[in-house]
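Student: My structure is in work24.txt, and what it holds is compact mmCIF, C-alpha atoms and all ligand atoms:
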```txt
# COMPACT_ATOMS: atom_id res chain seq x y z
CA GLY A 1455 0.00 0.00 0.00
CA LYS A 1456 0.86 3.71 -0.14
CA ALA A 1457 2.94 5.33 2.58
CA PRO A 1458 0.78 7.38 4.95
CA ILE A 1459 0.60 11.16 4.51
CA LYS A 1460 0.95 13.24 7.67
CA VAL A 1461 -1.74 15.88 8.03
CA LEU A 1462 -1.55 18.54 10.74
CA ILE A 1463 -4.76 20.13 11.99
CA THR A 1464 -4.24 23.02 14.41
CA GLY A 1465 -7.10 24.08 16.67
CA ALA A 1466 -8.16 20.44 16.45
CA ALA A 1467 -10.22 20.50 19.66
CA GLY A 1468 -12.44 23.21 18.17
CA GLN A 1469 -15.61 23.03 16.12
CA ILE A 1470 -14.05 22.83 12.68
CA GLY A 1471 -11.43 20.39 13.94
CA TYR A 1472 -14.17 18.04 15.13
CA ALA A 1473 -15.73 18.04 11.66
CA LEU A 1474 -12.44 18.01 9.75
CA ALA A 1475 -10.46 15.24 11.46
CA PRO A 1476 -12.98 12.46 10.61
CA ARG A 1477 -13.21 13.67 7.00
CA VAL A 1478 -9.46 13.49 6.56
CA ALA A 1479 -9.40 10.10 8.29
CA SER A 1480 -12.09 8.71 5.99
CA GLY A 1481 -10.49 9.80 2.72
CA SER A 1482 -12.44 12.95 1.80
CA MET A 1483 -9.27 14.98 1.51
CA LEU A 1484 -6.69 12.65 -0.01
CA GLY A 1485 -8.69 9.81 -1.49
CA ALA A 1486 -10.04 6.42 -0.50
CA ASP A 1487 -6.69 4.66 -1.11
CA GLN A 1488 -4.44 7.05 0.81
CA PRO A 1489 -3.58 6.24 4.44
CA VAL A 1490 -3.09 9.21 6.76
CA ILE A 1491 -1.53 10.00 10.11
CA LEU A 1492 -3.26 12.86 11.89
CA HIS A 1493 -1.28 15.39 13.91
CA LEU A 1494 -3.70 17.31 16.12
CA LEU A 1495 -2.54 20.48 17.87
CA ASP A 1496 -4.35 22.62 20.39
CA ILE A 1497 -3.42 24.72 23.43
CA PRO A 1498 -3.15 23.44 27.02
CA PRO A 1499 -6.65 24.58 28.18
CA ALA A 1500 -8.07 22.35 25.42
CA ALA A 1501 -5.73 19.39 25.98
CA GLN A 1502 -8.31 17.12 27.62
CA SER A 1503 -10.89 17.79 24.96
CA LEU A 1504 -8.23 17.13 22.31
CA ASP A 1505 -7.49 13.74 23.88
CA GLY A 1506 -11.23 13.03 23.73
CA VAL A 1507 -11.21 13.71 20.00
CA LYS A 1508 -8.30 11.31 19.63
CA MET A 1509 -10.27 8.64 21.55
CA GLU A 1510 -13.23 9.05 19.20
CA LEU A 1511 -11.00 8.84 16.13
CA ILE A 1512 -9.60 5.55 17.42
CA ASP A 1513 -13.12 4.34 18.20
CA SER A 1514 -14.23 5.10 14.65
CA ALA A 1515 -11.78 2.44 13.38
CA PHE A 1516 -11.17 4.34 10.13
CA PRO A 1517 -9.28 1.90 7.89
CA LEU A 1518 -7.15 4.71 6.39
CA LEU A 1519 -6.13 6.15 9.76
CA HIS A 1520 -2.66 4.84 10.58
CA GLY A 1521 -2.04 6.98 13.64
CA VAL A 1522 -3.09 9.99 15.70
CA VAL A 1523 -0.70 12.35 17.48
CA ALA A 1524 -2.62 14.68 19.81
CA THR A 1525 -0.38 17.28 21.41
CA THR A 1526 -0.03 20.80 22.73
CA ASP A 1527 3.62 20.89 21.67
CA VAL A 1528 3.96 22.78 18.41
CA ASP A 1529 7.29 21.14 17.51
CA GLU A 1530 5.87 17.64 17.93
CA ALA A 1531 2.74 18.62 16.01
CA THR A 1532 4.59 20.04 13.00
CA LYS A 1533 7.22 17.24 12.81
CA ASP A 1534 7.51 15.88 9.25
CA VAL A 1535 4.00 16.94 8.22
CA ASP A 1536 3.15 16.93 4.49
CA ILE A 1537 -0.01 19.02 4.82
CA ALA A 1538 -0.84 21.64 7.45
CA VAL A 1539 -4.40 22.86 7.91
CA MET A 1540 -4.21 25.84 10.23
CA VAL A 1541 -7.57 26.18 12.00
CA GLY A 1542 -6.32 27.25 15.43
CA GLY A 1543 -6.87 30.80 16.46
CA PHE A 1544 -8.28 33.27 18.88
CA PRO A 1545 -11.95 34.11 18.32
CA ARG A 1546 -13.33 37.64 18.48
CA LYS A 1547 -15.20 38.08 21.72
CA ALA A 1548 -17.76 40.73 22.61
CA GLY A 1549 -16.09 44.05 23.31
CA MET A 1550 -12.82 43.19 21.57
CA GLU A 1551 -11.47 45.58 18.99
CA ARG A 1552 -10.57 44.27 15.57
CA LYS A 1553 -6.98 45.17 16.30
CA ASP A 1554 -6.92 43.08 19.51
CA VAL A 1555 -8.06 39.95 17.64
CA MET A 1556 -5.61 40.68 14.85
CA SER A 1557 -2.80 41.11 17.32
CA LYS A 1558 -3.45 37.74 19.03
CA ASN A 1559 -3.77 35.85 15.77
CA VAL A 1560 -0.82 37.26 13.88
CA SER A 1561 1.41 36.43 16.85
CA ILE A 1562 0.18 32.82 16.72
CA TYR A 1563 0.81 32.62 12.97
CA LYS A 1564 4.25 34.14 13.30
CA SER A 1565 5.38 31.54 15.84
CA GLN A 1566 3.71 28.60 14.10
CA ALA A 1567 5.38 29.68 10.83
CA SER A 1568 8.76 29.18 12.47
CA ALA A 1569 7.76 25.76 13.78
CA LEU A 1570 6.56 24.64 10.34
CA GLU A 1571 9.72 25.92 8.73
CA LYS A 1572 11.87 24.07 11.24
CA ASN A 1573 9.97 20.76 11.40
CA ALA A 1574 7.66 20.16 8.43
CA LYS A 1575 8.57 18.25 5.25
CA PRO A 1576 10.27 20.59 2.75
CA GLY A 1577 7.35 20.42 0.31
CA VAL A 1578 4.68 21.03 2.99
CA LYS A 1579 1.42 22.45 1.65
CA VAL A 1580 -0.24 24.90 4.04
CA LEU A 1581 -3.90 25.93 4.17
CA VAL A 1582 -4.84 28.69 6.61
CA VAL A 1583 -8.49 28.59 7.71
CA ALA A 1584 -8.41 30.70 10.89
CA ASN A 1585 -9.42 34.33 10.55
CA PRO A 1586 -8.26 36.76 9.41
CA ALA A 1587 -7.39 33.94 6.99
CA ASN A 1588 -5.67 35.91 4.20
CA THR A 1589 -3.60 37.98 6.58
CA ASN A 1590 -2.70 35.03 8.85
CA ALA A 1591 -1.45 33.25 5.70
CA LEU A 1592 0.57 36.30 4.72
CA ILE A 1593 2.19 36.50 8.16
CA LEU A 1594 2.91 32.77 8.03
CA LYS A 1595 4.57 33.24 4.63
CA GLU A 1596 6.66 36.19 5.83
CA ASN A 1597 7.92 34.19 8.80
CA ALA A 1598 8.67 30.95 6.98
CA PRO A 1599 11.00 32.13 4.20
CA SER A 1600 12.23 28.62 3.36
CA ILE A 1601 8.71 27.40 2.53
CA PRO A 1602 7.97 28.30 -1.11
CA PRO A 1603 5.33 31.10 -1.14
CA GLU A 1604 3.18 29.06 -3.55
CA ASN A 1605 2.83 26.39 -0.83
CA ILE A 1606 1.03 28.81 1.51
CA THR A 1607 -2.66 29.42 0.82
CA CYS A 1608 -5.85 30.42 2.60
CA LEU A 1609 -9.39 29.10 2.46
CA THR A 1610 -11.91 30.91 0.26
CA ARG A 1611 -13.28 27.64 -1.08
CA LEU A 1612 -16.11 27.84 1.44
CA ASP A 1613 -17.21 31.14 -0.14
CA HIS A 1614 -16.78 29.56 -3.58
CA ASN A 1615 -18.94 26.58 -2.56
CA ARG A 1616 -21.53 28.93 -1.05
CA ALA A 1617 -21.75 30.72 -4.43
CA LEU A 1618 -22.17 27.39 -6.25
CA GLY A 1619 -24.87 26.41 -3.77
CA GLN A 1620 -26.84 29.64 -4.23
CA VAL A 1621 -26.84 29.32 -8.02
CA ALA A 1622 -27.81 25.63 -7.81
CA GLU A 1623 -30.72 26.40 -5.46
CA ARG A 1624 -31.92 29.33 -7.57
CA THR A 1625 -31.91 27.35 -10.82
CA GLY A 1626 -33.03 24.01 -9.36
CA THR A 1627 -29.91 22.31 -10.73
CA PRO A 1628 -27.63 19.79 -8.99
CA VAL A 1629 -24.65 21.73 -7.65
CA SER A 1630 -22.29 19.51 -9.66
CA GLU A 1631 -23.64 21.20 -12.82
CA VAL A 1632 -22.55 24.66 -11.64
CA LYS A 1633 -18.99 25.61 -12.53
CA ASN A 1634 -16.42 28.40 -12.62
CA VAL A 1635 -17.76 30.92 -10.15
CA ILE A 1636 -15.01 33.08 -8.64
CA ILE A 1637 -14.36 34.54 -5.21
CA TRP A 1638 -12.02 37.52 -5.53
CA GLY A 1639 -10.03 39.02 -2.68
CA ASN A 1640 -10.49 38.74 1.06
CA HIS A 1641 -12.34 36.05 3.04
CA SER A 1642 -14.48 38.80 4.55
CA SER A 1643 -17.63 40.63 3.57
CA SER A 1644 -15.58 42.71 1.09
CA GLN A 1645 -15.02 39.63 -1.11
CA TYR A 1646 -16.46 39.72 -4.61
CA PRO A 1647 -18.43 36.60 -5.62
CA ASP A 1648 -18.36 36.78 -9.43
CA VAL A 1649 -20.57 34.68 -11.73
CA ALA A 1650 -19.72 36.43 -15.02
CA HIS A 1651 -17.63 33.50 -16.28
CA GLY A 1652 -19.58 30.66 -14.71
CA THR A 1653 -21.94 28.10 -16.21
CA VAL A 1654 -24.97 26.00 -15.24
CA ALA A 1655 -25.07 22.75 -17.25
CA GLY A 1656 -22.86 24.45 -19.83
CA LYS A 1657 -25.01 27.60 -20.15
CA PRO A 1658 -23.82 31.00 -18.83
CA ILE A 1659 -25.07 31.55 -15.27
CA LYS A 1660 -26.54 34.90 -16.33
CA GLU A 1661 -28.79 33.12 -18.88
CA ALA A 1662 -29.67 30.20 -16.62
CA VAL A 1663 -30.64 32.49 -13.73
CA ALA A 1664 -32.28 35.13 -15.96
CA ASP A 1665 -32.49 37.67 -13.13
CA ASP A 1666 -29.71 40.27 -13.36
CA ALA A 1667 -31.01 42.23 -10.39
CA TRP A 1668 -30.72 39.16 -8.14
CA LEU A 1669 -27.23 38.36 -9.42
CA ALA A 1670 -25.98 41.93 -8.86
CA GLY A 1671 -27.77 42.29 -5.52
CA ASP A 1672 -29.03 39.58 -3.18
CA PHE A 1673 -26.78 36.87 -4.61
CA ILE A 1674 -23.65 38.85 -3.81
CA SER A 1675 -24.77 39.95 -0.35
CA THR A 1676 -26.01 36.44 0.54
CA VAL A 1677 -22.60 34.92 -0.23
CA GLN A 1678 -20.75 37.78 1.49
CA GLN A 1679 -22.92 37.54 4.61
CA ARG A 1680 -23.41 33.78 4.74
CA GLY A 1681 -21.00 33.29 7.65
CA ALA A 1682 -22.95 35.75 9.79
CA ALA A 1683 -26.26 34.14 8.72
CA ILE A 1684 -25.04 30.71 9.88
CA ILE A 1685 -23.95 32.13 13.24
CA LYS A 1686 -27.41 33.65 13.65
CA MET A 1687 -29.12 30.33 12.90
CA ARG A 1688 -26.83 27.92 14.74
CA GLY A 1689 -25.43 30.15 17.44
CA MET A 1690 -22.03 28.91 16.27
CA SER A 1691 -20.03 29.58 13.15
CA SER A 1692 -19.87 27.35 10.08
CA ALA A 1693 -17.97 24.18 10.88
CA LEU A 1694 -19.32 21.34 8.74
CA SER A 1695 -19.14 23.42 5.55
CA ALA A 1696 -15.75 24.88 6.48
CA ALA A 1697 -14.31 21.40 7.05
CA SER A 1698 -15.80 20.07 3.83
CA SER A 1699 -14.40 23.01 1.85
CA ALA A 1700 -10.95 22.60 3.40
CA CYS A 1701 -10.94 19.01 2.10
CA ASP A 1702 -12.03 20.24 -1.35
CA HIS A 1703 -9.23 22.84 -1.36
CA ILE A 1704 -6.45 20.36 -0.56
CA ARG A 1705 -7.87 17.59 -2.76
CA ASP A 1706 -8.05 19.80 -5.86
CA TRP A 1707 -4.64 21.34 -5.17
CA ILE A 1708 -3.02 17.88 -5.01
CA LYS A 1709 -5.09 15.94 -7.53
CA GLY A 1710 -5.78 18.81 -9.97
CA THR A 1711 -8.88 20.57 -11.28
CA PRO A 1712 -10.71 19.00 -14.26
CA SER A 1713 -9.73 20.58 -17.59
CA GLY A 1714 -11.64 23.81 -18.30
CA THR A 1715 -12.69 24.31 -14.69
CA TRP A 1716 -11.22 26.32 -11.88
CA VAL A 1717 -11.66 26.88 -8.16
CA SER A 1718 -11.02 29.83 -5.84
CA MET A 1719 -7.98 29.83 -3.55
CA GLY A 1720 -6.34 32.56 -1.50
CA VAL A 1721 -2.76 32.71 -2.85
CA PHE A 1722 0.21 35.04 -2.71
CA SER A 1723 -0.65 37.74 -5.24
CA ASP A 1724 1.50 38.51 -8.29
CA GLY A 1725 -0.69 41.52 -9.11
CA SER A 1726 -2.88 39.69 -11.66
CA TYR A 1727 -6.11 41.54 -12.52
CA GLY A 1728 -4.83 44.70 -10.83
CA ALA A 1729 -4.91 43.08 -7.38
CA PRO A 1730 -2.35 44.45 -4.92
CA LYS A 1731 0.92 42.48 -4.89
CA ASP A 1732 2.35 40.94 -1.73
CA VAL A 1733 -0.96 40.15 -0.08
CA VAL A 1734 -2.81 36.82 -0.02
CA PHE A 1735 -5.71 37.37 -2.44
CA SER A 1736 -8.37 34.94 -3.64
CA PHE A 1737 -8.16 34.24 -7.38
CA PRO A 1738 -9.57 31.68 -9.81
CA VAL A 1739 -6.89 28.99 -10.05
CA GLU A 1740 -6.32 25.84 -12.06
CA CYS A 1741 -4.42 23.06 -10.31
CA LYS A 1742 -2.13 20.54 -11.99
CA ASP A 1743 0.72 18.28 -10.82
CA GLY A 1744 0.45 19.53 -7.25
CA GLY A 1745 0.69 23.20 -8.21
CA TRP A 1746 -1.77 26.01 -8.96
CA SER A 1747 -1.78 28.84 -11.47
CA ILE A 1748 -4.02 31.90 -11.67
CA VAL A 1749 -6.46 31.69 -14.59
CA GLN A 1750 -5.49 34.53 -16.94
CA GLY A 1751 -7.34 36.53 -19.56
CA LEU A 1752 -10.80 36.78 -17.98
CA LYS A 1753 -12.60 39.96 -18.92
CA ILE A 1754 -13.18 42.30 -15.96
CA ASP A 1755 -15.91 44.91 -16.45
CA ASP A 1756 -16.14 48.20 -14.53
CA PHE A 1757 -18.50 46.76 -11.91
CA ALA A 1758 -16.09 43.91 -11.17
CA ALA A 1759 -13.05 46.21 -11.25
CA GLY A 1760 -14.62 48.38 -8.54
CA LYS A 1761 -15.31 45.35 -6.34
CA LEU A 1762 -11.77 44.01 -6.81
CA LYS A 1763 -10.35 47.39 -5.86
CA ALA A 1764 -12.41 47.53 -2.64
CA THR A 1765 -11.42 44.07 -1.41
CA GLY A 1766 -7.77 44.65 -2.43
CA ASP A 1767 -7.71 47.92 -0.49
CA GLU A 1768 -9.04 46.11 2.58
CA LEU A 1769 -6.26 43.51 2.35
CA VAL A 1770 -3.57 46.19 2.08
CA GLU A 1771 -5.04 47.86 5.15
CA GLU A 1772 -5.20 44.53 7.06
CA LYS A 1773 -1.58 43.85 6.19
CA ALA A 1774 -0.52 47.25 7.55
CA LEU A 1775 -2.47 46.60 10.75
CA ALA A 1776 -0.92 43.14 11.13
CA LEU A 1777 2.60 44.48 10.69
CA GLU A 1778 1.86 47.23 13.22
CA CYS A 1779 0.65 44.59 15.72
CA LEU A 1780 3.78 42.49 15.24
CA ALA A 1781 6.04 45.54 15.60
CA GLU A 1782 4.28 46.50 18.86
CA SER A 1783 4.45 42.97 20.27
CA SER A 1784 8.19 42.69 19.59
CA GLN A 1785 8.98 45.92 21.47
P1 LIG B 1801 -13.14 27.16 17.73
O1 LIG B 1801 -12.98 28.29 18.68
O2 LIG B 1801 -14.19 26.13 17.96
O3 LIG B 1801 -11.74 26.37 17.62
C1 LIG B 1801 -10.52 27.02 17.56
C2 LIG B 1801 -9.52 26.17 18.31
O4 LIG B 1801 -8.22 26.77 18.17
C3 LIG B 1801 -9.80 26.06 19.81
O5 LIG B 1801 -9.83 24.69 20.20
C4 LIG B 1801 -8.60 26.78 20.44
O6 LIG B 1801 -8.22 26.23 21.69
C5 LIG B 1801 -7.54 26.55 19.38
N1 LIG B 1801 -6.38 27.44 19.47
C6 LIG B 1801 -6.30 28.72 19.92
N2 LIG B 1801 -5.04 29.15 19.87
C7 LIG B 1801 -4.30 28.15 19.36
C8 LIG B 1801 -2.92 28.01 19.07
N3 LIG B 1801 -2.05 28.99 19.34
N4 LIG B 1801 -2.50 26.83 18.56
C9 LIG B 1801 -3.35 25.82 18.34
N5 LIG B 1801 -4.68 25.90 18.59
C10 LIG B 1801 -5.14 27.06 19.09
O7 LIG B 1801 -13.29 27.84 16.30
P2 LIG B 1801 -13.80 27.18 14.94
O8 LIG B 1801 -15.25 27.41 14.81
O9 LIG B 1801 -13.26 25.81 14.81
O10 LIG B 1801 -13.09 28.15 13.89
C11 LIG B 1801 -11.69 28.19 13.78
C12 LIG B 1801 -11.24 29.37 12.95
O11 LIG B 1801 -11.69 29.22 11.59
C13 LIG B 1801 -11.78 30.72 13.42
O12 LIG B 1801 -10.72 31.66 13.29
C14 LIG B 1801 -12.87 31.03 12.41
O13 LIG B 1801 -13.09 32.41 12.30
C15 LIG B 1801 -12.25 30.45 11.16
N6 LIG B 1801 -13.18 30.16 10.07
C16 LIG B 1801 -12.74 30.36 8.78
C17 LIG B 1801 -13.51 30.05 7.70
C18 LIG B 1801 -13.01 30.27 6.32
O14 LIG B 1801 -13.78 30.04 5.39
N7 LIG B 1801 -11.78 30.67 6.08
C19 LIG B 1801 -14.87 29.52 7.89
C20 LIG B 1801 -15.24 29.29 9.26
C21 LIG B 1801 -14.41 29.62 10.30
```
Take the structure in the file and give it back as structure tokens.
Ligand code: NAI
Tutor:
Amino acid sequence: GKAPIKVLITGAAGQIGYALAPRVASGSMLGADQPVILHLLDIPPAAQSLDGVKMELIDSAFPLLHGVVATTDVDEATKDVDIAVMVGGFPRKAGMERKDVMSKNVSIYKSQASALEKNAKPGVKVLVVANPANTNALILKENAPSIPPENITCLTRLDHNRALGQVAERTGTPVSEVKNVIIWGNHSSSQYPDVAHGTVAGKPIKEAVADDAWLAGDFISTVQQRGAAIIKMRGMSSALSAASSACDHIRDWIKGTPSGTWVSMGVFSDGSYGAPKDVVFSFPVECKDGGWSIVQGLKIDDFAAGKLKATGDELVEEKALALECLAESSQ
């Protein structure tokens, strides 16, 4: 059989961790013939709960699961990992300023970057899920210079899947028939969910939906605000859909996207489509041979250009805030 792949999940005692670990262990991320060893990291206050998750993983008797390391030691957790899904972070609590949350999280991502650089396999592929996802990924990249920048990404696949789901529901089509939507920019409400290049059963989305006002209005705000809507309904943030999308992200990155289709990933920007450089920006990407490339040559109209500018500006501002937080914390 194949050698097991080591997958790190940070924040593994949390909500997303609880939904993600069993998916990875049952083949949703890497395939039904690929054994895995799970490395689960959390912080000491969550250590007991983390051990409970490990017990349940053992009790599930997943045939592909060749081992579970549950630890609060970041060096042990990152040792020789092939894939790192970074879910651990500090949530925003009532009364906290945006800068306070940013400050806590960028410090975590700075120190975990160093641990990954020191301990992970040289070709480690990193997916940052924890918010602010794009900026955490950027800080991780800046503090792990020996990891190739193209190996560090953030999750906007959940937003992408939400857009697919909305179009499928609206047109009464199975979601598998909806293709090539795009999430541009930040995993925040400034993101631009773009259907101008997408299709439903081979037909342009615009024709299949036949409601331009909905596409330019409620569709966009529904996708942008979906995270908040889930919190309102469940009293907790998206976990099942986040975990499922994280598996989709890694699976497509490693196994490739079908010819003529693309997915959205937050990647280190080269300035394509007028996006700011040197931030982690969500683009349409095609994946092949374990790598990704930004889909080029899509036509951007004035409406889209304005939306891309707004989300790009927000990312530049977030980056400045993150760097300010790191400078203050190192004084
Ligand atoms: P949660 O609060 O249930 O779990 C987070 C876990 O991280 C906790 O167990 C906590 O102890 C742990 N943690 C905190 N600091 C850590 C550190 N330094 N090292 C390792 N673990 C640490 O939160 P949940 O619901 O699982 O969400 C996790 C993150 O994912 C949040 O930042 C959330 O905003 C983000 N998120 C991102 C989405 C995306 O599409 N990019 C979608 C949904 C959530």
Student: Taking all atoms listed in the file and a cut-off of 7 Å, can you tell me which residues surround ligand LIG 1801 (chain B), written as a ChimeraX atom specification?
Tutor: /A:1464-1471,1495-1497,1499-1500,1541-1545,1562,1583-1587,1608-1613,1641,1691-1693,1696
Student: Measure the distance from atom CA of Ala1574 of chain A to atom CA of Glu1596 of chain A in Å and round it to one decimal.
Tutor: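 Taking atom CA of Ala1574 of chain A and atom CA of Glu1596 of chain A, their separation equals 16.3 Å.
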Student: List as JSON, numbers by chain the protein and nucleic acid residues near Ser1675 of chain A, meaning an atom at most 10 Å away when all atoms listed in the file are counted, but skip any in the same chain fewer than 4 places from it.
Tutor: {"A": [1643, 1644, 1645, 1646, 1647, 1668, 1669, 1670, 1671, 1679, 1680]}
Student: Would you list the residues near (-11.1, 14.4, -0.5), meaning any protein, DNA or RNA residue with an atom at most 7 Å from that point in file coordinates, counting all atoms listed in the file, as a PyMOL selection string?
Tutor: chain A and resi 1481-1485+1701-1702+1705
Student: Write the selection just made, keeping C-alpha atoms, as a tab-separated table (two decimals), in the coordinates of the input?
Tutor:
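Once everything was written out, this is part_30.tsv:
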```tsv
chain	number	residue	atom	x	y	z
A	1481	GLY	CA	-10.49	9.80	2.72
A	1482	SER	CA	-12.44	12.95	1.80
A	1483	MET	CA	-9.27	14.98	1.51
A	1484	LEU	CA	-6.69	12.65	-0.01
A	1485	GLY	CA	-8.69	9.81	-1.49
A	1701	CYS	CA	-10.94	19.01	2.10
A	1702	ASP	CA	-12.03	20.24	-1.35
A	1705	ARG	CA	-7.87	17.59	-2.76
```
Student: Calculated over all atoms listed in the file, which of the candidates A:Ala1759, A:Ala1479, A:Ile1636, A:Met1556 has the smallest distance to Lys1773 of chain A?
Tutor: A:Met1556
Student: Would you kindly place all heavy atoms on segment 1494-1502 of chain A and return the model as a PDB file, in the coordinates of the input?
Tutor:
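This went into out.pdb:
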```
ATOM      1  N   LEU A1494      -2.687  16.382  15.612  1.00  0.00           N
ATOM      2  CA  LEU A1494      -3.700  17.310  16.120  1.00  0.00           C
ATOM      3  C   LEU A1494      -3.073  18.220  17.169  1.00  0.00           C
ATOM      4  O   LEU A1494      -2.549  17.744  18.172  1.00  0.00           O
ATOM      5  CB  LEU A1494      -4.862  16.536  16.739  1.00  0.00           C
ATOM      6  CG  LEU A1494      -5.507  15.446  15.872  1.00  0.00           C
ATOM      7  CD1 LEU A1494      -6.623  14.742  16.656  1.00  0.00           C
ATOM      8  CD2 LEU A1494      -6.058  16.023  14.567  1.00  0.00           C
ATOM      9  N   LEU A1495      -3.116  19.516  16.923  1.00  0.00           N
ATOM     10  CA  LEU A1495      -2.540  20.480  17.870  1.00  0.00           C
ATOM     11  C   LEU A1495      -3.633  21.351  18.474  1.00  0.00           C
ATOM     12  O   LEU A1495      -4.535  21.810  17.764  1.00  0.00           O
ATOM     13  CB  LEU A1495      -1.536  21.396  17.138  1.00  0.00           C
ATOM     14  CG  LEU A1495      -0.927  22.540  17.970  1.00  0.00           C
ATOM     15  CD1 LEU A1495       0.063  22.005  19.012  1.00  0.00           C
ATOM     16  CD2 LEU A1495      -0.219  23.573  17.077  1.00  0.00           C
ATOM     17  N   ASP A1496      -3.544  21.571  19.759  1.00  0.00           N
ATOM     18  CA  ASP A1496      -4.350  22.620  20.390  1.00  0.00           C
ATOM     19  C   ASP A1496      -3.548  23.176  21.565  1.00  0.00           C
ATOM     20  O   ASP A1496      -2.378  22.808  21.751  1.00  0.00           O
ATOM     21  CB  ASP A1496      -5.759  22.123  20.788  1.00  0.00           C
ATOM     22  CG  ASP A1496      -6.803  23.239  20.644  1.00  0.00           C
ATOM     23  OD1 ASP A1496      -6.721  24.239  21.396  1.00  0.00           O
ATOM     24  OD2 ASP A1496      -7.685  23.124  19.775  1.00  0.00           O
ATOM     25  N   ILE A1497      -4.147  24.081  22.326  1.00  0.00           N
ATOM     26  CA  ILE A1497      -3.420  24.720  23.430  1.00  0.00           C
ATOM     27  C   ILE A1497      -3.772  24.020  24.747  1.00  0.00           C
ATOM     28  O   ILE A1497      -4.798  23.327  24.840  1.00  0.00           O
ATOM     29  CB  ILE A1497      -3.733  26.236  23.491  1.00  0.00           C
ATOM     30  CG1 ILE A1497      -5.252  26.484  23.425  1.00  0.00           C
ATOM     31  CG2 ILE A1497      -3.038  26.960  22.340  1.00  0.00           C
ATOM     32  CD1 ILE A1497      -5.650  27.946  23.563  1.00  0.00           C
ATOM     33  N   PRO A1498      -2.940  24.183  25.781  1.00  0.00           N
ATOM     34  CA  PRO A1498      -3.150  23.440  27.020  1.00  0.00           C
ATOM     35  C   PRO A1498      -4.574  23.482  27.602  1.00  0.00           C
ATOM     36  O   PRO A1498      -5.069  22.424  28.033  1.00  0.00           O
ATOM     37  CB  PRO A1498      -2.106  24.023  27.982  1.00  0.00           C
ATOM     38  CG  PRO A1498      -0.976  24.391  27.052  1.00  0.00           C
ATOM     39  CD  PRO A1498      -1.655  24.910  25.806  1.00  0.00           C
ATOM     40  N   PRO A1499      -5.286  24.622  27.604  1.00  0.00           N
ATOM     41  CA  PRO A1499      -6.650  24.580  28.180  1.00  0.00           C
ATOM     42  C   PRO A1499      -7.571  23.599  27.445  1.00  0.00           C
ATOM     43  O   PRO A1499      -8.589  23.170  28.000  1.00  0.00           O
ATOM     44  CB  PRO A1499      -7.162  26.017  28.016  1.00  0.00           C
ATOM     45  CG  PRO A1499      -5.972  26.864  27.760  1.00  0.00           C
ATOM     46  CD  PRO A1499      -4.902  25.983  27.186  1.00  0.00           C
ATOM     47  N   ALA A1500      -7.219  23.253  26.207  1.00  0.00           N
ATOM     48  CA  ALA A1500      -8.070  22.350  25.420  1.00  0.00           C
ATOM     49  C   ALA A1500      -7.496  20.935  25.335  1.00  0.00           C
ATOM     50  O   ALA A1500      -8.013  20.094  24.592  1.00  0.00           O
ATOM     51  CB  ALA A1500      -8.260  22.925  24.009  1.00  0.00           C
ATOM     52  N   ALA A1501      -6.442  20.670  26.122  1.00  0.00           N
ATOM     53  CA  ALA A1501      -5.730  19.390  25.980  1.00  0.00           C
ATOM     54  C   ALA A1501      -6.630  18.177  26.245  1.00  0.00           C
ATOM     55  O   ALA A1501      -6.583  17.169  25.531  1.00  0.00           O
ATOM     56  CB  ALA A1501      -4.523  19.359  26.907  1.00  0.00           C
ATOM     57  N   GLN A1502      -7.468  18.276  27.276  1.00  0.00           N
ATOM     58  CA  GLN A1502      -8.310  17.120  27.620  1.00  0.00           C
ATOM     59  C   GLN A1502      -9.330  16.848  26.512  1.00  0.00           C
ATOM     60  O   GLN A1502      -9.525  15.705  26.088  1.00  0.00           O
ATOM     61  CB  GLN A1502      -9.031  17.404  28.944  1.00  0.00           C
ATOM     62  CG  GLN A1502      -9.855  16.216  29.406  1.00  0.00           C
ATOM     63  CD  GLN A1502     -10.584  16.494  30.708  1.00  0.00           C
ATOM     64  OE1 GLN A1502     -10.011  17.074  31.645  1.00  0.00           O
ATOM     65  NE2 GLN A1502     -11.835  16.084  30.784  1.00  0.00           N
TER      66      GLN A1502
END
```
